[in-house]
Amino acid sequence: MNEISTIAVLGAGTMGAGIVQVMAEAGLTVLVHDPQDGATERAQHRIEGFLGRKVEKEQLSADEATAAASRIQPAGSLEELGAADLVVEAIPEELELKRDAFRRLDAVADEATILATNTSSLSVTRIASATSRPGRVIGMHFFNPVPLMALIEVIAGPTTDPEVTNTVALLARRLGKTPVVAADTPGFIVNRIQRAYYLEACRILEGGLADVRTIDEAMRGIGFRLGPFELADVVGTDVNLAAGLAIFEGFFGDPRYRPAQVQRRVVDAGRLGRKSNAGYYEYGAEGAQGACWPALARTPLLPALDDPQIEARILAAIVNEAASAVADGVAGPDAIDTAMQLGTNWPEGPLAWGERIGLLSVVNTLDALHASVPDGRYRVVPLLRSIGAAGGSFFPARG
Ligand SMILES: NC(=O)c1ccc[n+]([C@@H]2O[C@H](COP(=O)([O-])OP(=O)(O)OC[C@H]3O[C@@H](n4cnc5c(N)ncnc54)[C@H](O)[C@@H]3O)[C@@H](O)[C@H]2O)c1
């Protein structure tokens with residue numbers, strides 16, 4: 001097993017800075033490189049600010065904060081990162097950019113060095129194949145904001161050495177995070193299952209069956225911290241659409257993942273969410289949520305859905321998607337439920353939730369939707385249907 005003592009982080013943007021911070025706080029020396037002028041210094045500055053606030057809140061002593069900051073070492077070139085035991089790449093989400101960076105890292109790093117990518121939607125296997133060490137390449141998918149989010153999806157490709165997966169999972173624990181190992185498949189666990197949350201909401205909206213605010217309020221009413229549309233506004237409607245398109249393509253156009261027209265419409269209008277003060281909603285100067293975008297209003301053609309009907313449809317979609325991830329071998333039921341709770345702050349894991357409301361009722365909801373829209377988007381995952389029909393559970397060991 002690898003002893004990890006020196007980490008390197010490539011890219012000091014939003015994610016890179018957060019990763020550097022948690023590594024330094026965990027006592028690791030962190031080399032950082034970003035080719036953009038001043039980016040590393042800005043990241044250091046931001047990190048020092050965060051550490052200072054932790055001292056004020058008495059979550060950290062002043063000595064610990066100083067020691068953590070002193071463990072961060074700017075590096076003048078990508079090549080200098082080769083001295084680390086593990087490099088985490090957090091550069092923009094472009095395959096060729098990442099493959100090129102991995103090729104260069106591979107050329108300079110010790111043969112034992114682990115190369116990890118923080119990609120959200122690209123194939124870890126395709127990045128690994130740019131190197132001469134695919135066994136030592138892995139995904140380490142942190143969530144934003146890194147210091148606060150407890151989950152790390154550890155993405156093991158078909159070529160990743162199991163010992164590397166174990167080393168990275170142990171490192172995640174050392175950072176105080178919960179690692180969940182997932183197979184290298186489109187959207188991994190969290191982004192894949194979250195698609196269903198957004199897409200079913202969009203389908204209800206596009207069907208003229210409920211408006212944006214009603215859908216958001218319904219989902220908040222059953223414990224989601226944010227409704228699907230306000231969440232998309234936080235994430236960025238452009239970032240969200242790009243993730244949705246990548247997953248749709250990753251599944252070769254499976255209708256279950258087909259993005260909704262309304263998602264494109266907000267992006268085309270330059271309504272990118274909170275960062276542009278307008279998305280599905282308008283936002284005031286202080287970030288206060290205002291009215292919904294009037295262009296999204298539909299004249300109802302059918303009777304409106306009530307809150308329980310909205311909730312049943314969206315929950316059925318996420319339970320089906322979680323079952324599909326189990327069926328595809330992305331991860332086991334426990335890991336999937338843990339990932340959704342920690343990666344998205346969902347109040348309950350989707351599979352446990354499905355069992356609480358009844359798997360048969362989930363299947364019935366989906367079958368009824370499939371009968372009216374038989375293009376495949378609502379087809380019930382066979383594993384879900386058979387467990388539901390048998391009165392079984394995704395968690396038989398729990399009794
Ligand atoms: N922002 C999120 O919420 C989030 C969450 C999980 C994963 N991710 C993933 O993390 C990665 C980084 O995202 P981000 O939001 O931090 O982006 P960002 O734009 O904030 O930061 C990227 C940084 O990489 C630098 N950079 C550009 N080209 C580089 C190169 N060739 N070598 C080294 N550095 C380079 C840029 O100067 C910039 O500072 C992406 O793969 C993204 O998909 C993002």
# chains A, B, ... in the order shown; residues from 1 in each chain; ligands from 1
>>> residues_near_ligand(ligand="ligand 1", cutoff="8 Å", atoms="only C-alpha atoms and all ligand atoms", output="ChimeraX atom specification")
/A:10-17,33-37,39-40,78,89-94,97-98,100-101,117-121,141-145,235
>>> residues_around(residues="Ala182 (chain A)", least_positions_apart="4", cutoff="12 Å", atoms="only C-alpha atoms", output="short mmCIF file (atom, residue, chain, number, x, y, z; two decimals) with C-alpha atoms, in the first residue's frame")
data_model
loop_
_atom_site.label_atom_id
_atom_site.label_comp_id
_atom_site.auth_asym_id
_atom_site.auth_seq_id
_atom_site.Cartn_x
_atom_site.Cartn_y
_atom_site.Cartn_z
CA VAL A 124 -11.82 8.32 -16.00
CA ILE A 138 -8.50 7.03 -10.54
CA GLY A 139 -11.35 9.49 -10.08
CA MET A 140 -11.53 11.45 -6.85
CA HIS A 141 -14.78 13.36 -7.23
CA ILE A 152 -15.92 11.80 -2.16
CA GLU A 153 -16.92 9.52 -5.02
CA VAL A 154 -13.91 7.31 -5.68
CA ILE A 155 -14.16 6.32 -9.33
CA ALA A 156 -12.53 3.04 -10.12
CA GLY A 157 -12.20 2.39 -13.83
CA PRO A 158 -11.88 -1.12 -15.26
CA THR A 160 -7.70 0.95 -11.92
CA THR A 165 -8.76 2.37 -4.92
CA ALA A 169 -10.51 5.58 0.00
CA PRO A 186 -21.79 8.27 -16.98
CA GLY A 187 -22.52 10.65 -14.09
CA PHE A 188 -21.10 8.12 -11.57
CA ILE A 189 -23.70 7.94 -8.74
CA VAL A 190 -24.76 11.41 -7.65
CA ASN A 191 -24.96 13.28 -10.94
CA ARG A 192 -26.70 10.34 -12.61
CA ALA A 325 -27.49 2.29 -10.98
CA VAL A 326 -27.59 -0.84 -8.77
CA ASP A 328 -25.73 -1.54 -13.82
CA GLY A 329 -23.22 -2.35 -11.08
CA VAL A 330 -22.27 1.27 -10.42
CA ALA A 331 -22.32 0.61 -6.66
CA GLY A 332 -24.36 -1.32 -4.10
CA PRO A 333 -27.63 -0.06 -2.56
CA ASP A 334 -26.03 1.13 0.70
CA ALA A 335 -23.31 3.04 -1.14
CA ILE A 336 -25.86 4.64 -3.46
CA THR A 338 -25.10 7.15 1.31
CA ALA A 339 -23.80 9.01 -1.75
#
>>> closest_residue(among="A:Ser70, A:Thr131, A:Glu3, A:Ala43", to="Asp85 (chain A)", atoms="only C-alpha atoms")
A:Glu3
>>> residues_around(residues="region 238-247 of chain A", least_positions_apart="5", cutoff="10 Å", atoms="only C-alpha atoms", output="PDB file with N, CA and C atoms, in the first residue's frame")
ATOM      1  N   SER A 120     -16.264  15.593 -13.199  1.00  0.00           N
ATOM      2  CA  SER A 120     -17.645  15.297 -12.798  1.00  0.00           C
ATOM      3  C   SER A 120     -18.332  14.428 -13.834  1.00  0.00           C
ATOM      4  N   SER A 121     -17.872  14.510 -15.094  1.00  0.00           N
ATOM      5  CA  SER A 121     -18.679  13.864 -16.132  1.00  0.00           C
ATOM      6  C   SER A 121     -17.862  13.164 -17.219  1.00  0.00           C
ATOM      7  N   LEU A 122     -16.549  13.295 -17.170  1.00  0.00           N
ATOM      8  CA  LEU A 122     -15.749  12.640 -18.225  1.00  0.00           C
ATOM      9  C   LEU A 122     -15.391  11.223 -17.790  1.00  0.00           C
ATOM     10  N   THR A 185     -18.879   5.097 -14.878  1.00  0.00           N
ATOM     11  CA  THR A 185     -20.051   5.079 -15.757  1.00  0.00           C
ATOM     12  C   THR A 185     -20.601   6.511 -15.797  1.00  0.00           C
ATOM     13  N   PRO A 186     -21.387   6.866 -16.831  1.00  0.00           N
ATOM     14  CA  PRO A 186     -21.792   8.272 -16.980  1.00  0.00           C
ATOM     15  C   PRO A 186     -22.477   8.845 -15.735  1.00  0.00           C
ATOM     16  N   GLY A 187     -21.929   9.968 -15.244  1.00  0.00           N
ATOM     17  CA  GLY A 187     -22.516  10.649 -14.088  1.00  0.00           C
ATOM     18  C   GLY A 187     -22.186   9.986 -12.763  1.00  0.00           C
ATOM     19  N   PHE A 188     -21.437   8.881 -12.790  1.00  0.00           N
ATOM     20  CA  PHE A 188     -21.101   8.124 -11.572  1.00  0.00           C
ATOM     21  C   PHE A 188     -22.401   7.854 -10.789  1.00  0.00           C
ATOM     22  N   ASN A 191     -24.469  12.498  -9.802  1.00  0.00           N
ATOM     23  CA  ASN A 191     -24.960  13.284 -10.935  1.00  0.00           C
ATOM     24  C   ASN A 191     -25.957  12.491 -11.777  1.00  0.00           C
ATOM     25  N   ARG A 192     -25.770  11.180 -11.835  1.00  0.00           N
ATOM     26  CA  ARG A 192     -26.698  10.341 -12.605  1.00  0.00           C
ATOM     27  C   ARG A 192     -28.088  10.338 -11.960  1.00  0.00           C
ATOM     28  N   GLN A 194     -29.294  12.321  -9.720  1.00  0.00           N
ATOM     29  CA  GLN A 194     -29.862  13.663  -9.623  1.00  0.00           C
ATOM     30  C   GLN A 194     -30.535  14.096 -10.936  1.00  0.00           C
ATOM     31  N   ARG A 195     -30.102  13.504 -12.063  1.00  0.00           N
ATOM     32  CA  ARG A 195     -30.766  13.833 -13.344  1.00  0.00           C
ATOM     33  C   ARG A 195     -32.265  13.643 -13.223  1.00  0.00           C
ATOM     34  N   TYR A 198     -34.134  16.535 -11.582  1.00  0.00           N
ATOM     35  CA  TYR A 198     -34.338  17.701 -12.457  1.00  0.00           C
ATOM     36  C   TYR A 198     -35.320  17.371 -13.590  1.00  0.00           C
ATOM     37  N   LEU A 199     -35.075  16.224 -14.249  1.00  0.00           N
ATOM     38  CA  LEU A 199     -35.801  15.961 -15.497  1.00  0.00           C
ATOM     39  C   LEU A 199     -37.279  15.729 -15.270  1.00  0.00           C
ATOM     40  N   LEU A 231     -32.469  24.630  -7.243  1.00  0.00           N
ATOM     41  CA  LEU A 231     -31.162  23.966  -7.202  1.00  0.00           C
ATOM     42  C   LEU A 231     -30.405  24.203  -8.513  1.00  0.00           C
ATOM     43  N   ALA A 232     -31.111  24.072  -9.637  1.00  0.00           N
ATOM     44  CA  ALA A 232     -30.460  24.317 -10.935  1.00  0.00           C
ATOM     45  C   ALA A 232     -29.936  25.754 -11.000  1.00  0.00           C
ATOM     46  N   ASP A 233     -30.660  26.680 -10.407  1.00  0.00           N
ATOM     47  CA  ASP A 233     -30.194  28.075 -10.391  1.00  0.00           C
ATOM     48  C   ASP A 233     -28.933  28.231  -9.536  1.00  0.00           C
ATOM     49  N   PHE A 252     -25.769   6.855 -24.752  1.00  0.00           N
ATOM     50  CA  PHE A 252     -26.116   6.684 -26.168  1.00  0.00           C
ATOM     51  C   PHE A 252     -27.549   7.126 -26.474  1.00  0.00           C
ATOM     52  N   GLY A 253     -27.969   8.238 -25.855  1.00  0.00           N
ATOM     53  CA  GLY A 253     -29.280   8.782 -26.212  1.00  0.00           C
ATOM     54  C   GLY A 253     -30.466   8.079 -25.560  1.00  0.00           C
ATOM     55  N   ASP A 254     -30.253   7.371 -24.470  1.00  0.00           N
ATOM     56  CA  ASP A 254     -31.364   6.747 -23.744  1.00  0.00           C
ATOM     57  C   ASP A 254     -32.375   7.837 -23.348  1.00  0.00           C
ATOM     58  N   TYR A 257     -32.610   9.936 -20.027  1.00  0.00           N
ATOM     59  CA  TYR A 257     -31.696  11.035 -19.673  1.00  0.00           C
ATOM     60  C   TYR A 257     -31.817  12.230 -20.618  1.00  0.00           C
ATOM     61  N   ARG A 258     -32.797  12.164 -21.574  1.00  0.00           N
ATOM     62  CA  ARG A 258     -32.857  13.237 -22.576  1.00  0.00           C
ATOM     63  C   ARG A 258     -33.142  14.573 -21.895  1.00  0.00           C
ATOM     64  N   PRO A 259     -32.256  15.565 -22.066  1.00  0.00           N
ATOM     65  CA  PRO A 259     -32.514  16.864 -21.439  1.00  0.00           C
ATOM     66  C   PRO A 259     -33.842  17.446 -21.931  1.00  0.00           C
ATOM     67  N   ALA A 260     -34.393  18.351 -21.144  1.00  0.00           N
ATOM     68  CA  ALA A 260     -35.687  18.948 -21.482  1.00  0.00           C
ATOM     69  C   ALA A 260     -35.467  20.254 -22.242  1.00  0.00           C
ATOM     70  N   GLN A 263     -34.750  23.334 -20.277  1.00  0.00           N
ATOM     71  CA  GLN A 263     -33.380  23.532 -19.768  1.00  0.00           C
ATOM     72  C   GLN A 263     -32.557  24.334 -20.770  1.00  0.00           C
ATOM     73  N   ARG A 264     -32.797  24.033 -22.055  1.00  0.00           N
ATOM     74  CA  ARG A 264     -32.059  24.783 -23.074  1.00  0.00           C
ATOM     75  C   ARG A 264     -32.562  26.227 -23.161  1.00  0.00           C
ATOM     76  N   VAL A 266     -33.741  28.297 -20.908  1.00  0.00           N
ATOM     77  CA  VAL A 266     -33.196  29.251 -19.924  1.00  0.00           C
ATOM     78  C   VAL A 266     -31.736  29.582 -20.248  1.00  0.00           C
ATOM     79  N   VAL A 267     -30.987  28.580 -20.709  1.00  0.00           N
ATOM     80  CA  VAL A 267     -29.568  28.825 -21.032  1.00  0.00           C
ATOM     81  C   VAL A 267     -29.468  29.744 -22.254  1.00  0.00           C
ATOM     82  N   ASP A 268     -30.276  29.448 -23.284  1.00  0.00           N
ATOM     83  CA  ASP A 268     -30.245  30.274 -24.500  1.00  0.00           C
ATOM     84  C   ASP A 268     -30.560  31.737 -24.176  1.00  0.00           C
ATOM     85  N   GLY A 270     -29.654  33.271 -21.669  1.00  0.00           N
ATOM     86  CA  GLY A 270     -28.593  33.849 -20.831  1.00  0.00           C
ATOM     87  C   GLY A 270     -28.965  33.847 -19.360  1.00  0.00           C
ATOM     88  N   ARG A 271     -29.991  33.084 -19.022  1.00  0.00           N
ATOM     89  CA  ARG A 271     -30.438  33.011 -17.621  1.00  0.00           C
ATOM     90  C   ARG A 271     -29.717  31.832 -16.975  1.00  0.00           C
ATOM     91  N   LEU A 272     -28.521  32.091 -16.477  1.00  0.00           N
ATOM     92  CA  LEU A 272     -27.636  31.001 -16.046  1.00  0.00           C
ATOM     93  C   LEU A 272     -27.798  30.660 -14.562  1.00  0.00           C
ATOM     94  N   GLY A 273     -28.775  31.289 -13.927  1.00  0.00           N
ATOM     95  CA  GLY A 273     -29.015  31.001 -12.507  1.00  0.00           C
ATOM     96  C   GLY A 273     -28.570  32.149 -11.632  1.00  0.00           C
ATOM     97  N   GLY A 279     -32.532  33.003 -13.616  1.00  0.00           N
ATOM     98  CA  GLY A 279     -32.532  31.628 -14.122  1.00  0.00           C
ATOM     99  C   GLY A 279     -33.984  31.241 -14.255  1.00  0.00           C
TER     100      GLY A 279
END
>>> select_by_dssp(residues="region 223-393 of chain A", states="strand (DSSP E)", output="number ranges by chain")
A: 281-283, 289-292
>>> residues_around(residues="region 202-210 of chain A", least_positions_apart="3", cutoff="7 Å", atoms="only C-alpha atoms", output="ChimeraX atom specification")
/A:198-199,214-215,260,262,298-305
>>> residues_around(residues="Glu348 (chain A)", least_positions_apart="3", cutoff="9 Å", atoms="only C-alpha atoms", output="list in words")
Gly223, Asp337, Thr338, Met340, Gln341, Asn345, Leu351, Ala352 and Trp353 of chain A
>>> residues_around(residues="Asn320 (chain A)", least_positions_apart="3", cutoff="10 Å", atoms="only C-alpha atoms", output="number ranges by chain")
A: 193, 196, 314-317, 323-326, 350-351, 354, 359, 362-363, 366, 378-385
>>> select_by_dssp(residues="region 37-197 of chain A", states="alpha helix (DSSP H)", output="NGL selection string")
:A and (39-56 or 62-70 or 95-108 or 124-128 or 162-174 or 190-197)
>>> residues_around(residues="Ala130 (chain A)", least_positions_apart="3", cutoff="10 Å", atoms="only C-alpha atoms", output="list in words")
Glu96, Lys98, Arg99, Asp100, Ala101, Phe102, Arg103, Arg104, Asp106, Thr125, Arg126, Ile127, Arg133 and Pro134 of chain A
>>> closest_residue(among="A:Ala201, A:Leu115, A:Gly376, A:Ile19", to="Glu217 (chain A)", atoms="only C-alpha atoms")
A:Ala201
>>> atom_distance(atom1="CA of Ala218 (chain A)", atom2="CA of Glu230 (chain A)")
12.3 Å
>>> atom_distance(atom1="CA of Val87 (chain A)", atom2="CA of His45 (chain A)")
21.5 Å
>>> closest_residue(among="A:Pro396, A:Gly358, A:Pro255, A:Pro147", to="His370 (chain A)", atoms="only C-alpha atoms")
A:Pro255
>>> atom_distance(atom1="CA of Gly18 (chain A)", atom2="CA of Ala116 (chain A)")
15.3 Å
